[in-house]
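The structure appears below as C-alpha cells.
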Amino acid sequence: MSDVVKVCIAEKPSVAREIATVLGATTRHDGYYEGNGYAVTYTFGHLCTLYEPSDYKPHWKSWDLNNLPMLPEKFKTKIVDNEGIQKQFSIIKKLFDQATEVINCGDAGQEGELIQRWVIDQAGYKGVVKRLWISSLTTEAIKEGFQHLKPASDYDQLYYAGFSRAIGDWLLGMNATRLYTVKHGGYKQVLSIGRVQTPTLAMLVQRFKEIENFVPQPYWELQTTYRDTLFSYEEGRFLDQAKGQIIADQVKQHEFEIVSIQKKKGTEYAPKLFDLTGLQVYCNTKFGYSADETLKMVQKLYEQKVVTYPRVDTTFLPSDIFPKVPGILSQLTRYKSLIAPILQKKIKKSSRVFNDKKVTDHHAIIPTGIEIPLAAPQQRIYDIIVRRFIAVFYDDCKVSNTTVIGKVATVPFKTTGKEILSEGWRVVFASPDKERKPKDILPTFTKGEKGPHEPSFIEKQTKAPNQFTEASLLRAMETAGKQVDDEELREAMKENGIGRPSTRASIIETLFKRKYIKRNKKQILPTPIGIRLIDTIQNELLKSAELTGSWEKQLKDIEKGEFHAATFIKNMKSMVDQLVYEVRMENKRANISYVNIEKKKPALVKTAKKIPGNVCPKCKKGHLLTGSSAYGCSNYAAGCDFILPFSFLGKKISEKQYVRLIEKGATVNLKGFKTENGTLEGVVKFDANFALQFHPKKMPLNKTCPKCKQGTLLKGKNAYGCSNYSKGCTFIFSFEQFAKMTENQTLEEAEIYAIIRKSYVN
C-alpha cells in the first residue's frame with residue numbers, strides 16, 4: 001500500500017466498490033481498493049462473533065445442568081473460524097496498521113455499527129475513527145456523506161445498544177437452550193430458546209389454541225331492505241332469538257320511514273411511506289412474498305442505488321429531505337404522467353410526512369430518483385415504494401359520508417354510504433383496466449318518505465380469530481402481540497415491539513428451520529413440537545411478547561443514552577439465574593423430540609368417518625348400508641324409507657359430505673347442482689321428513705321490473721308490483737299465481753325475484 005492515510009471499511013464488497021469509485025480508489029488489490037489517498041476494504045457481514053461457552057471455561061463445552069447458568073464476567077469476541085474470513089481479516093489488519101485514520105462505512109444502523117466496531121477492536125486499532133452515515137448509495141449521497149464525516153464517538157450509544165442486544169441474546173439463548181434441551185429434550189433433540197423467537201412462537205401457539213377451542217355462539221341480526229338499500233337494526237345484534245323475533249314480527253306490520261339524512265364531508269389521507277415492516281406486510285398480503293424474500297429484494301434495490309436504506313422503523317422523512325423532493329420526482333421519468341401535476345404547483349410539506357421528531361438514524365424508504373431495468377419481483381416492490389412516495393404529495397381524497405336513519409314503527413334502522421368527491425391521491429394507485437366508481441352510493445332519500453320494505457331476521461354465528469399469516473405476524477411482533485389497526489397508535493407502539501425490523505424476517509425463518517412452525521397456504525401454524533415446547537415452558541417471561549417488548553424498549557433507550565448497558569446486562573444475568581433455578585426444580589420431564597412425536601402420530605390420525613354403520617337419522621333403529629346407487633337403512637323391510645343417493649340434482653355427493661350432513665345438518669357449500677334456474681351453488685339439508693333439500697347460495701338480489709326495466713319490484717298485500725306504477729307501468733304478479741308456479745316451496749328472496757322476472761312474457 002502506497003501513501004495511504006485513510007482506510008475505509010464497508011460491510012460488503014459491492015458497497016466498498018461503490019465507495020471506492022466515488023473516492024477515486026480505482027486500483028484493485030486482493031481484499032481492497034486503493035487510490036487517491038484511500039484504501040477501501042470490506043467485511044462479509046459478521047467477521048467477528050462472541051466467544052463460545054467453552055472459550056471461557058473448557059468444562060462449559062459439556063451440556064450439563066450442573067454447568068448452568070453460564071454467566072461470563074466480561075464478554076469477548078473472536079474472529080469467525082473460517083479460512084476466507086480469517087484471510088480477509090488479516091488484510092484489514094495490515095491496512096489498519098498503516099492507517100492514520102479509519103472511516104467506518106458500515107450499514108448505517110445498530111447491526112452495521114456492531115459489525116465494524118468488533119472488527120476495529122479485534123484488529124487492535126487505536127487511531128482516529130470517523131463514521132460515514134448515509135441513507136442511499138447514490139454518488140451524490142456518498143459524496144455528501146464524506147463531506148460530513150462524524151466522530152465515531154457520536155455513535156458510541158448505538159454500539160452499546162448493539163453489544164447489549166448480542167449479549168442478551170447470548171445469555172438467554174445459550175443458557176435456556178441447554179437448560180430445556182437437557183431437562184426436557186428427547187432423543188437427540190435440541191430445544192432452541194430465544195429472546196425473540198420464543199415469544200413469537202408463543203403468540204402463534206396461543207392463537208392456534210384459541211381457534212381450536214373456539215365454540216361458535218349464535219346471534220341474530222335484524223335487517224330490512226328499502227328501495228334496494230339494506231338497513232340494519234341500529235341497536236346491534238340479538239343474543240336472545242325470542243326477544244329479537246318479537247321485534248322482527250312487529251317490523252313486518254308497518255311501513256318503513258326515513259327519519260334523517262346526514263351528509264358529512266371527510267378527508268382520507270394518502271397511505272404512509274413505508275418502513276421495513278410495512279413493506280413486508282404489504283408484499284406478503286399483495287404478492288405472497290415472505291418477509292425474508294421482501295427484505296432480500298429491497299436490500300438489493302438499495303445496493304442498486306434505486307431506493308434508500310431499507311432496515312428502518314419509521315414512516316417519516318426529515319425536513320432536510322424536502323428541498324430534494326423536486327429533484328427526485330423529476331428523475332422518475334417512468335411516472336412522469338403522475339408526477340407532472342405535482343411539479344406544476346408548489347409541493348406541499350405535510351407534518352404527516354415530514355417530522356424530525358419521528359426520524360432517528362434513518363427515514364422512511366423512498367426512491368432515490370435513479371431508474372434502471374429490474375427483475376419483475378423487484379419491480380413490483382420498487383413500484384409500490386415509488387407510488388407511495390408520489391401519493392403523499394398529492395391532494396387529500398375528499399369524501400362525503402352519508403348516514404341515513406329510518407324506522408319501522410318505533411324500531412330504528414341505519415345505513416351508511418360513502419361518495420368520493422375528489423379522488424386526490426387515489427389516482428396514483430388507480431388501475432387503468434378498471435373503471436373507477438364511487439363506493440357505497442345510496443339513493444336520494446327524503447326525510448319523511450315512507451314505503452314498503454322487506455325485513456329479514458338472520459341467524460349468524462360468532463367467528464374464531466384468523467390464524468396468523470406472515471403479514472399479521474409481523475404486525476403482531478411490531479406491537480408486542482396487541483391487535484392494532486390504527487396507524488397512528490401502531491407508530492407509537494413500535495418502541496415496545498419485539499425484535500427489530502431488520503431481524504423479524506430472520507426470526508420467522510429460524511422458527512421454520514427449527515420445525516416449530518409450518519406454512520398452510522398463507523397461514524402460519526405451529527407444529528406439534530412447537531406447541532409442545534410452549535406448553536412445557538412454565539416461565540411466563542420467556543413467552544411474553546409484552547415483556548420481551550419492554551427489553552426492546554430498554555435497548556432503544558440505551559441507544560438514546562437514557563439507559564445503561566451495564567444495567568440491562570445485569571438484569572439479563574439475574575433473569576437467567578432465576579430461570580435455571582426454576583427449571584432445575586421442575587419434577588416432570590417432557591421428553592420432547594421429533595422421534596417421539598412421529599411415534600405418536602398413528603394414534604393421532606383420525607380414521608375417516610364412513611356412512612355404512614351409522615345409525616339411521618330417520619328411524620334411529622337401523623344402520624346405514626351401501627347399495628348400488630344410494631345409501632339406505634337396514635330397517636327398510638320394517639318400513640324405513642331413508643336413502644342418500646350417490647348423486648343429487650346431477651351432483652355427486654361425497655361420503656364425507658353425507659357424514660357432515662348427518663352430524664351437522666348440512667353439507668358445506670358445493671358447486672354444480674343442476675336446477676330449473678341453471679347450474680347453482682349451495683348446500684344440502686334434510687327437510688322435516690329427512691328427504692334431501694337443496695338450498696342455493698344466496699343469489700345477487702335483482703329486483704328490476706321485467707316490464708319497464710326502470711322501476712323496482714315491490715311486495716304488496718296480494719301481489720308483486722312495480723314502483724313505477726304511478727308513471728304508467730302496469731306490471732303485476734299475484735301471490736296466487738306465484739304459489740301455483742312454485743308449489744308453495746320455501747324460497748330465498750333472490751330466487752323469488754328471479755322466478756318473477758323469468759316468468760314475465762311481453
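Chain labels run A, B, ... following the order of the C-alpha cells; each chain numbers its residues from 1, and ligands are numbered from 1 in the order shown.
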
Show me, as a PyMOL selection string, the residues that have an atom within 12 Å of segment 157-162 of chain A when counting only C-alpha atoms, minus same-chain residues fewer than 3 positions from it.
chain A and resi 108-118+152-154+165-169+360-361+500+551-569

key: Residue contacts of Gly672 of chain A (10 Å, only C-alpha atoms) excluding same-chain residues fewer than 3 positions away, as a ChimeraX atom specification   = /A:649-652,675,678-682

Create the file for the chosen residues now, containing C-alpha atoms and written as a tab-separated table (two decimals), in the first residue's frame.
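The new file out34.tsv reads:
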chain	number	residue	atom	x	y	z
A	649	LEU	CA	-79.61	-32.86	-8.75
A	650	GLY	CA	-76.90	-34.05	-11.11
A	651	LYS	CA	-74.20	-33.55	-8.47
A	652	LYS	CA	-72.18	-36.42	-6.97
A	675	THR	CA	-81.78	-26.80	-11.35
A	678	GLY	CA	-79.40	-23.26	-14.24
A	679	THR	CA	-76.34	-24.75	-12.54
A	680	LEU	CA	-76.18	-23.39	-9.00
A	681	GLU	CA	-74.07	-23.46	-5.89
A	682	GLY	CA	-75.45	-24.22	-2.42

Using only C-alpha atoms, the shortest atom-to-atom distance to Thr333 of chain A among A:Leu511, A:Ile441, A:Ile534, A:Ile372 belongs to A:Ile372

Min atom-atom distance to Thr416 of chain A from the set A:Val40, A:Cys640, A:Leu230, A:Val80, counting only C-alpha atoms, belongs to A:Leu230

Residues of segment 208-400 of chain A in strand (DSSP E) according to DSSP, as a ChimeraX atom specification? /A:218-226,229-233,256-268,397-400

Could you name the residues that touch Glu210 of chain A at 8 Å or less, counting only C-alpha atoms, but leaving out those on the same chain fewer than 3 positions away, as a ChimeraX atom specification? /A:206-207,213-214,464-465
